[in-house]
file target.txt (compact mmCIF, C-alpha atoms)
# COMPACT_ATOMS: atom_id res chain seq x y z
CA MET R 26 -5.95 21.17 -20.33
CA LYS R 27 -3.22 20.83 -17.73
CA ASN R 28 -5.14 18.06 -15.95
CA ILE R 29 -5.60 16.18 -19.24
CA MET R 30 -1.87 16.37 -19.93
CA LYS R 31 -1.12 15.18 -16.41
CA GLN R 32 -3.51 12.25 -16.84
CA LYS R 33 -1.84 11.25 -20.10
CA GLN R 34 1.60 11.44 -18.50
CA SER R 35 0.45 9.22 -15.64
CA LEU R 36 -1.00 6.71 -18.11
CA ILE R 37 2.26 6.66 -20.08
CA VAL R 38 4.33 6.16 -16.93
CA MET R 39 1.95 3.39 -15.86
CA GLY R 40 2.39 1.64 -19.20
CA ILE R 41 6.17 1.96 -19.18
CA LEU R 42 6.44 0.62 -15.63
CA ALA R 43 4.15 -2.30 -16.49
CA LEU R 44 6.27 -3.21 -19.52
CA VAL R 45 9.54 -2.92 -17.57
CA LEU R 46 8.24 -5.06 -14.71
CA LEU R 47 6.85 -7.59 -17.18
CA GLY R 48 10.27 -7.72 -18.85
CA VAL R 49 11.86 -8.50 -15.47
CA TYR R 50 9.83 -11.72 -15.45
CA PHE R 51 12.02 -13.13 -18.26
CA LEU R 52 15.34 -12.35 -16.57
CA PRO R 53 17.38 -15.30 -15.19
CA LEU R 54 17.25 -14.21 -11.54
CA THR R 55 17.98 -16.20 -8.40
CA VAL R 56 15.14 -17.45 -6.21
CA PHE R 57 16.02 -14.88 -3.54
CA ALA R 58 15.91 -12.04 -6.10
CA LYS R 59 12.51 -13.24 -7.32
CA HIS R 60 11.28 -13.36 -3.72
CA ILE R 61 12.41 -9.77 -3.19
CA LEU R 62 10.59 -8.66 -6.35
CA VAL R 63 7.38 -10.38 -5.23
CA LEU R 64 7.62 -8.73 -1.79
CA THR R 65 8.38 -5.35 -3.35
CA LEU R 66 5.33 -5.47 -5.61
CA PHE R 67 3.26 -6.76 -2.70
CA TYR R 68 4.13 -3.73 -0.58
CA ALA R 69 3.73 -1.42 -3.58
CA PHE R 70 0.19 -2.79 -3.95
CA MET R 71 -0.55 -2.57 -0.23
CA GLY R 72 0.93 0.92 0.02
CA THR R 73 -1.24 2.05 -2.89
CA GLY R 74 -4.32 0.74 -1.08
CA TRP R 75 -3.26 2.42 2.16
CA ASN R 76 -2.47 5.65 0.31
CA LEU R 77 -5.96 5.99 -1.12
CA MET R 78 -7.44 6.80 2.28
CA CYS R 79 -4.48 7.83 4.37
CA GLY R 80 -2.45 9.72 1.76
CA TYR R 81 -5.06 11.56 -0.27
CA ALA R 82 -7.52 12.10 2.59
CA GLY R 83 -4.88 12.71 5.25
CA ARG R 84 -6.35 10.24 7.77
CA LEU R 85 -3.26 8.47 9.09
CA SER R 86 -4.00 4.84 9.88
CA LEU R 87 -1.51 2.57 11.61
CA GLY R 88 -3.98 -0.26 11.97
CA HIS R 89 -4.57 -1.36 8.37
CA ALA R 90 -3.14 -4.77 9.24
CA ALA R 91 -6.57 -5.51 10.76
CA PHE R 92 -8.13 -5.53 7.29
CA VAL R 93 -5.24 -7.55 5.87
CA ALA R 94 -5.85 -10.16 8.58
CA VAL R 95 -9.60 -10.19 7.93
CA GLY R 96 -9.03 -10.83 4.24
CA ALA R 97 -6.36 -13.49 4.85
CA TYR R 98 -8.25 -15.47 7.49
CA THR R 99 -11.57 -15.27 5.60
CA SER R 100 -10.15 -16.71 2.38
CA LEU R 101 -8.08 -19.32 4.26
CA LEU R 102 -11.05 -20.54 6.33
CA LEU R 103 -13.28 -20.73 3.26
CA PHE R 104 -10.61 -22.70 1.41
CA SER R 105 -9.83 -25.01 4.34
CA HIS R 106 -13.39 -25.82 5.42
CA PHE R 107 -15.43 -25.44 2.23
CA GLY R 108 -12.87 -25.85 -0.55
CA LEU R 109 -13.74 -22.48 -2.08
CA THR R 110 -11.15 -21.13 -4.49
CA PRO R 111 -9.07 -18.23 -3.08
CA TRP R 112 -10.35 -16.04 -5.92
CA ILE R 113 -13.81 -16.23 -4.34
CA GLY R 114 -12.25 -16.09 -0.88
CA MET R 115 -10.46 -12.84 -1.61
CA ILE R 116 -13.72 -11.21 -2.75
CA ALA R 117 -15.47 -12.50 0.38
CA GLY R 118 -12.57 -11.35 2.57
CA GLY R 119 -12.62 -7.94 0.91
CA LEU R 120 -16.34 -7.57 1.57
CA VAL R 121 -15.93 -8.59 5.22
CA ALA R 122 -13.10 -6.04 5.52
CA VAL R 123 -15.38 -3.36 4.04
CA VAL R 124 -18.03 -4.17 6.67
CA VAL R 125 -15.42 -3.91 9.44
CA MET R 126 -14.18 -0.63 7.97
CA LEU R 127 -17.72 0.76 7.87
CA LEU R 128 -18.18 -0.05 11.56
CA ILE R 129 -15.08 2.04 12.28
CA ALA R 130 -15.09 4.71 9.58
CA TYR R 131 -18.70 5.87 9.81
CA PRO R 132 -18.67 6.86 13.50
CA SER R 133 -15.11 8.21 13.20
CA PHE R 134 -15.87 10.48 10.24
CA ARG R 135 -19.39 11.27 11.43
CA PHE R 136 -18.11 12.69 14.73
CA GLY R 137 -15.01 14.30 13.26
CA LEU R 138 -12.34 12.02 14.69
CA ILE R 139 -9.17 13.34 13.02
CA GLY R 140 -5.44 13.71 13.62
CA PRO R 141 -3.79 11.61 16.31
CA TYR R 142 -7.19 10.51 17.65
CA PHE R 143 -8.03 8.71 14.41
CA THR R 144 -4.54 7.16 14.35
CA LEU R 145 -4.97 5.87 17.91
CA ALA R 146 -8.41 4.51 17.02
CA SER R 147 -6.95 2.61 14.05
CA ILE R 148 -4.25 1.09 16.26
CA ALA R 149 -6.90 0.07 18.79
CA VAL R 150 -8.93 -1.69 16.08
CA ALA R 151 -5.85 -3.58 14.90
CA GLU R 152 -5.11 -4.69 18.46
CA ILE R 153 -8.71 -5.86 18.93
CA VAL R 154 -8.53 -7.96 15.75
CA HIS R 155 -5.11 -9.25 16.82
CA TYR R 156 -6.35 -10.51 20.18
CA LEU R 157 -9.58 -11.90 18.73
CA LEU R 158 -7.47 -14.03 16.39
CA ILE R 159 -5.32 -15.21 19.29
CA TYR R 160 -8.20 -16.13 21.59
CA GLY R 161 -10.38 -17.63 18.85
CA ARG R 162 -8.04 -20.61 18.69
CA ASP R 163 -10.79 -23.10 17.83
CA LEU R 164 -11.37 -21.30 14.56
CA THR R 165 -8.12 -19.47 13.83
CA GLY R 166 -5.51 -21.70 15.47
CA GLY R 167 -4.75 -19.01 18.04
CA SER R 168 -1.16 -17.90 18.45
CA LEU R 169 0.05 -21.00 16.57
CA GLY R 170 -1.52 -19.71 13.40
CA MET R 171 -2.83 -21.68 10.42
CA SER R 172 -1.18 -23.40 7.48
CA LEU R 173 -2.58 -23.36 3.97
CA PRO R 174 -3.72 -26.82 2.83
CA TYR R 175 -1.49 -27.64 -0.12
CA VAL R 176 -3.08 -29.32 -3.13
CA LYS R 177 -0.48 -31.71 -4.58
CA GLY R 178 -0.17 -32.84 -8.16
CA THR R 179 -2.33 -30.08 -9.60
CA THR R 180 -2.44 -29.16 -13.28
CA VAL R 181 -1.79 -25.64 -14.50
CA ILE R 182 -5.51 -24.87 -14.47
CA ASN R 183 -5.91 -26.21 -10.94
CA SER R 184 -2.85 -24.25 -9.82
CA ILE R 185 -4.47 -21.06 -11.09
CA ILE R 186 -7.83 -21.93 -9.53
CA ASN R 187 -6.22 -22.75 -6.17
CA LEU R 188 -3.67 -19.92 -6.48
CA GLN R 189 -0.88 -22.33 -5.52
CA PHE R 190 2.32 -22.59 -7.51
CA ASP R 191 5.63 -24.38 -7.06
CA SER R 192 7.77 -21.45 -8.24
CA LYS R 193 7.98 -17.69 -7.69
CA GLU R 194 7.28 -16.60 -11.27
CA PRO R 195 3.49 -17.12 -11.27
CA TYR R 196 3.17 -15.27 -7.95
CA TYR R 197 5.15 -12.43 -9.49
CA LEU R 198 2.70 -12.18 -12.39
CA VAL R 199 -0.31 -12.29 -10.04
CA ILE R 200 0.97 -9.51 -7.78
CA LEU R 201 2.02 -7.50 -10.84
CA VAL R 202 -1.58 -7.62 -12.09
CA PHE R 203 -2.86 -6.68 -8.61
CA TRP R 204 -0.47 -3.72 -8.41
CA LEU R 205 -1.40 -2.53 -11.90
CA ALA R 206 -5.11 -2.80 -11.05
CA ALA R 207 -4.61 -0.76 -7.85
CA ILE R 208 -2.72 1.96 -9.74
CA PHE R 209 -5.37 2.03 -12.48
CA ILE R 210 -8.25 2.24 -9.99
CA THR R 211 -6.54 5.09 -8.13
CA TRP R 212 -5.83 6.86 -11.43
CA LYS R 213 -9.45 6.51 -12.59
CA MET R 214 -10.77 7.99 -9.31
CA GLU R 215 -9.66 11.45 -10.43
CA ARG R 216 -12.62 13.43 -9.09
CA THR R 217 -12.64 11.52 -5.79
CA ARG R 218 -8.88 12.11 -5.41
CA TYR R 219 -9.36 15.86 -5.85
CA TYR R 220 -12.21 15.83 -3.33
CA LEU R 221 -10.07 13.93 -0.84
CA GLU R 222 -7.17 16.35 -1.32
CA ALA R 223 -9.52 19.27 -0.71
CA ILE R 224 -10.82 17.57 2.45
CA ARG R 225 -7.26 16.93 3.60
CA GLU R 226 -6.25 20.57 3.17
CA ASP R 227 -9.37 22.18 4.68
CA GLU R 228 -12.40 20.10 5.58
CA ASP R 229 -14.65 23.09 6.31
CA ALA R 230 -13.77 24.82 3.05
CA ALA R 231 -14.40 21.59 1.11
CA ALA R 232 -17.82 21.22 2.74
CA ALA R 233 -18.60 24.87 1.91
CA LEU R 234 -17.85 24.13 -1.74
CA GLY R 235 -20.46 21.37 -1.74
CA ILE R 236 -18.16 18.36 -1.35
CA SER R 237 -19.76 15.58 0.69
CA VAL R 238 -16.98 15.06 3.22
CA ASN R 239 -18.25 11.92 4.99
CA LYS R 240 -19.38 10.24 1.76
CA ASN R 241 -16.02 10.65 0.01
CA LEU R 242 -14.05 9.64 3.09
CA ILE R 243 -16.14 6.48 3.55
CA ILE R 244 -15.81 5.55 -0.15
CA ALA R 245 -12.03 5.93 0.03
CA ALA R 246 -11.86 4.00 3.31
CA CYS R 247 -13.92 1.08 1.97
CA ILE R 248 -11.91 0.79 -1.26
CA SER R 249 -8.70 0.97 0.77
CA ALA R 250 -9.87 -1.80 3.12
CA PHE R 251 -10.94 -3.98 0.18
CA MET R 252 -7.57 -3.59 -1.53
CA VAL R 253 -5.45 -4.52 1.48
CA ALA R 254 -7.80 -7.43 2.26
CA VAL R 255 -7.13 -8.77 -1.24
CA GLY R 256 -3.45 -8.39 -0.42
CA GLY R 257 -4.07 -10.48 2.69
CA THR R 258 -5.34 -13.36 0.52
CA PHE R 259 -2.23 -13.12 -1.65
CA TYR R 260 -0.07 -13.10 1.49
CA VAL R 261 -1.45 -16.38 2.80
CA GLN R 262 -1.33 -18.02 -0.64
CA TYR R 263 2.28 -16.98 -1.11
CA PHE R 264 3.68 -17.77 2.36
CA ARG R 265 1.20 -20.64 3.00
CA TYR R 266 1.11 -19.81 6.69
CA ILE R 267 -0.27 -16.99 8.80
CA ASP R 268 -0.44 -16.16 12.49
CA PRO R 269 -1.85 -13.15 14.36
CA TYR R 270 1.60 -11.66 14.97
CA SER R 271 2.70 -11.56 11.33
CA ILE R 272 -0.59 -10.75 9.59
CA ALA R 273 -2.27 -8.53 12.21
CA GLY R 274 0.78 -7.08 13.94
CA PHE R 275 1.96 -3.48 14.00
CA THR R 276 4.92 -4.20 11.69
CA LEU R 277 2.75 -4.83 8.64
CA SER R 278 0.75 -1.64 9.22
CA LEU R 279 3.96 0.31 9.68
CA ASN R 280 5.49 -1.05 6.47
CA MET R 281 2.42 -0.04 4.45
CA ALA R 282 2.57 3.46 5.91
CA LEU R 283 6.33 3.89 5.48
CA VAL R 284 6.50 2.90 1.81
CA ALA R 285 3.79 5.48 1.09
CA VAL R 286 5.14 8.26 3.30
CA ILE R 287 8.78 7.91 2.20
CA GLY R 288 7.82 7.42 -1.45
CA GLY R 289 5.28 10.23 -1.41
CA SER R 290 1.85 9.95 0.22
CA GLY R 291 -1.01 11.42 -1.76
CA THR R 292 0.70 10.68 -5.09
CA LEU R 293 -0.06 7.97 -7.63
CA PHE R 294 3.36 6.32 -7.77
CA GLY R 295 4.71 7.36 -4.35
CA PRO R 296 4.03 4.01 -2.61
CA THR R 297 5.64 2.14 -5.52
CA ILE R 298 8.75 4.31 -5.31
CA GLY R 299 8.92 3.78 -1.55
CA ALA R 300 8.48 0.01 -1.90
CA PHE R 301 11.24 -0.29 -4.51
CA LEU R 302 13.57 1.70 -2.25
CA LEU R 303 12.81 0.16 1.14
CA ILE R 304 11.89 -3.49 0.58
CA PRO R 305 14.95 -4.70 -1.41
CA LEU R 306 17.28 -2.82 0.94
CA THR R 307 15.52 -4.23 3.99
CA GLU R 308 15.56 -7.83 2.74
CA VAL R 309 19.23 -7.70 1.72
CA LEU R 310 20.25 -6.24 5.09
CA ARG R 311 18.10 -8.77 6.94
CA MET R 312 19.67 -11.64 5.02
CA SER R 313 23.27 -10.43 5.33
CA LEU R 314 23.34 -8.73 8.74
CA GLY R 315 20.10 -9.82 10.41
CA ALA R 316 21.79 -12.39 12.65
CA GLN R 317 24.57 -10.03 13.75
CA ILE R 318 22.49 -6.84 14.07
CA PRO R 319 18.81 -7.66 14.71
CA GLY R 320 16.40 -4.84 13.91
CA LEU R 321 18.82 -3.08 11.55
CA HIS R 322 16.05 -2.58 8.97
CA LEU R 323 13.95 -0.72 11.56
CA PHE R 324 16.91 1.55 12.28
CA LEU R 325 17.21 2.17 8.55
CA TYR R 326 13.50 2.99 8.33
CA GLY R 327 13.97 5.57 11.07
CA ILE R 328 16.90 7.23 9.31
CA LEU R 329 15.11 7.39 5.95
CA LEU R 330 11.97 8.74 7.58
CA VAL R 331 13.88 11.51 9.37
CA VAL R 332 15.78 12.42 6.18
CA CYS R 333 12.53 12.56 4.17
CA ILE R 334 10.78 14.68 6.80
CA ILE R 335 13.67 17.18 6.83
CA PHE R 336 14.58 17.37 3.13
CA LEU R 337 11.58 15.86 1.28
CA PRO R 338 8.48 16.31 3.44
CA LYS R 339 6.26 15.32 0.49
CA GLY R 340 8.29 12.18 -0.24
CA ILE R 341 10.69 11.10 -2.96
CA ALA R 342 7.97 11.53 -5.60
CA SER R 343 8.15 15.30 -5.05
CA LEU R 344 11.83 15.41 -6.05
CA PRO R 345 11.25 16.03 -9.82
CA GLY R 346 8.91 18.92 -8.99
CA ILE R 347 11.49 20.45 -6.64
CA ILE R 348 14.18 20.17 -9.32
CA ARG R 349 11.91 21.80 -11.94
CA ALA R 350 11.04 24.61 -9.52
CA LYS R 351 14.73 25.29 -8.82
CA ARG R 352 15.54 25.29 -12.53
CA ALA R 353 12.66 27.70 -13.21
CA GLN R 354 13.86 29.96 -10.40
CA LYS R 355 17.41 29.85 -11.72
CA SER R 356 16.31 30.65 -15.28
CA THR R 357 14.27 33.56 -13.94
CA GLU R 358 17.23 34.87 -11.98
CA ASP R 359 19.48 34.49 -15.02
CA GLY R 360 16.99 36.18 -17.39
CA PRO R 361 17.93 39.06 -19.74
CA GLU R 362 16.74 41.75 -17.33
CA ASN R 363 18.76 40.32 -14.42
CA GLN R 364 21.81 39.82 -16.65
CA ALA R 365 21.52 43.42 -17.90
CA SER R 366 21.19 44.73 -14.37
CA LYS R 367 24.24 42.71 -13.31
CA GLY R 368 26.14 44.12 -16.27
CA VAL R 369 25.20 47.66 -15.35
CA LEU R 370 26.29 47.06 -11.80

call {"tool": "encode", "arguments": {"input": "target.txt", "output": "structure tokens"}}
result
Amino acid sequence: MKNIMKQKQSLIVMGILALVLLGVYFLPLTVFAKHILVLTLFYAFMGTGWNLMCGYAGRLSLGHAAFVAVGAYTSLLLFSHFGLTPWIGMIAGGLVAVVVMLLIAYPSFRFGLIGPYFTLASIAVAEIVHYLLIYGRDLTGGSLGMSLPYVKGTTVINSIINLQFDSKEPYYLVILVFWLAAIFITWKMERTRYYLEAIREDEDAAAALGISVNKNLIIAACISAFMVAVGGTFYVQYFRYIDPYSIAGFTLSLNMALVAVIGGSGTLFGPTIGAFLLIPLTEVLRMSLGAQIPGLHLFLYGILLVVCIIFLPKGIASLPGIIRAKRAQKSTEDGPENQASKGVL
């Protein structure tokens, strides 16, 4: 009964957030504000994909940018050389990312690669993809990167088919739908989420209860890779340019991890909370003080991460639960029996 109530609450929150974010679309905002909103939802979507494997299952990956790059370059190459719509390209890129993830995840989970060893392995994979993109210059453009061929004079239908728009608003709607789909998929995977949480807490105990550890970890890893690869296609369509340093670099992996960890890893809305806290603040600081104090946003990330580790180790999403627990404790301490005993004393 408690789980059913919790599911209904999550569904209500999901609906309210969707309506609020849809209402933002009609506000008369500046271009920079719209850009920040698009980036925020982008990282909320990417953090949700990252969180499915790394938050619920507890396998910390700092190399998810590899799958973002695979998705981005696959869709871009298919569009550039064969004229395939990015909607097909993002599916193809997602499938390629799943294959790459299987090559990594199966041996890692099969031989029990956990903790810092799995994290180091994920970083190594990202570096391999990074250097392959640099040295495969005949296909990927190397360190110079690739630009998205722009289709001029398109109609509305063609703009949707080519996923190319002349304003920020359509991109905002697209990434809003992506984010909502990621939240819904994570919400619907209730049993898998519980299995992953059990594996995260005690892998041996979960296996003793009959949970297929490797199967559930691989499912979560593949869905996570597919999601962030889809985000890679959106990235190249939105910015219209990619290079190995921006799309396959450590910064992108770190941003995905930080929005989830600071917001609350292993929770449904934690990555969204983290994205709406970090990304607008980062972009505003970068725009206002980036020239005078380079790297200020990284310093801010460090401060927020330390504060969360000390005061909110489960992220900002755990704050309501902490408040309720303190109120319950206070009401228990101030109960009739305690008040009577204080009166007697």

call {"tool": "closest_residue", "arguments": {"input": "target.txt", "among": "R:Ile61, R:Ser35, R:Ile208, R:Asn76", "to": "R:Arg311", "atoms": "all atoms listed in the file"}}
result
R:Ile61

call {"tool": "atom_distance", "arguments": {"input": "target.txt", "atom1": "atom CA of R:Val309", "atom2": "atom CA of R:Ala273"}}
result
23.9 Å

call {"tool": "atom_distance", "arguments": {"input": "target.txt", "atom1": "atom CA of R:Leu109", "atom2": "atom CA of R:Met171"}}
result
16.6 Å

call {"tool": "closest_residue", "arguments": {"input": "target.txt", "among": "R:Ala149, R:Leu46, R:Ile244, R:Val123", "to": "R:Gly274", "atoms": "all atoms listed in the file"}}
result
R:Ala149

call {"tool": "atom_distance", "arguments": {"input": "target.txt", "atom1": "atom CA of R:Leu323", "atom2": "atom CA of R:Tyr260"}}
result
21.2 Å

call {"tool": "residues_around", "arguments": {"input": "target.txt", "residues": "R:Leu330", "least_positions_apart": "2", "cutoff": "12 Å", "atoms": "all atoms listed in the file", "output": "PyMOL selection string"}}
result
chain R and resi 279-280+282-289+299+303+323-328+332-341

call {"tool": "residues_around", "arguments": {"input": "target.txt", "residues": "stretch 92-103 of chain R", "least_positions_apart": "4", "cutoff": "8 Å", "atoms": "only C-alpha atoms", "output": "NGL selection string"}}
result
:R and (107-109 or 111 or 113-115 or 117-119 or 121-122 or 125-126 or 154 or 165 or 173 or 250-251 or 253-261 or 269 or 272-273)

call {"tool": "closest_residue", "arguments": {"input": "target.txt", "among": "R:Leu242, R:Arg349, R:Val124, R:Gly161", "to": "R:Gly137", "atoms": "only C-alpha atoms"}}
result
R:Leu242

call {"tool": "closest_residue", "arguments": {"input": "target.txt", "among": "R:Tyr50, R:Tyr156, R:Phe143, R:Tyr266", "to": "R:Cys79", "atoms": "all atoms listed in the file"}}
result
R:Phe143
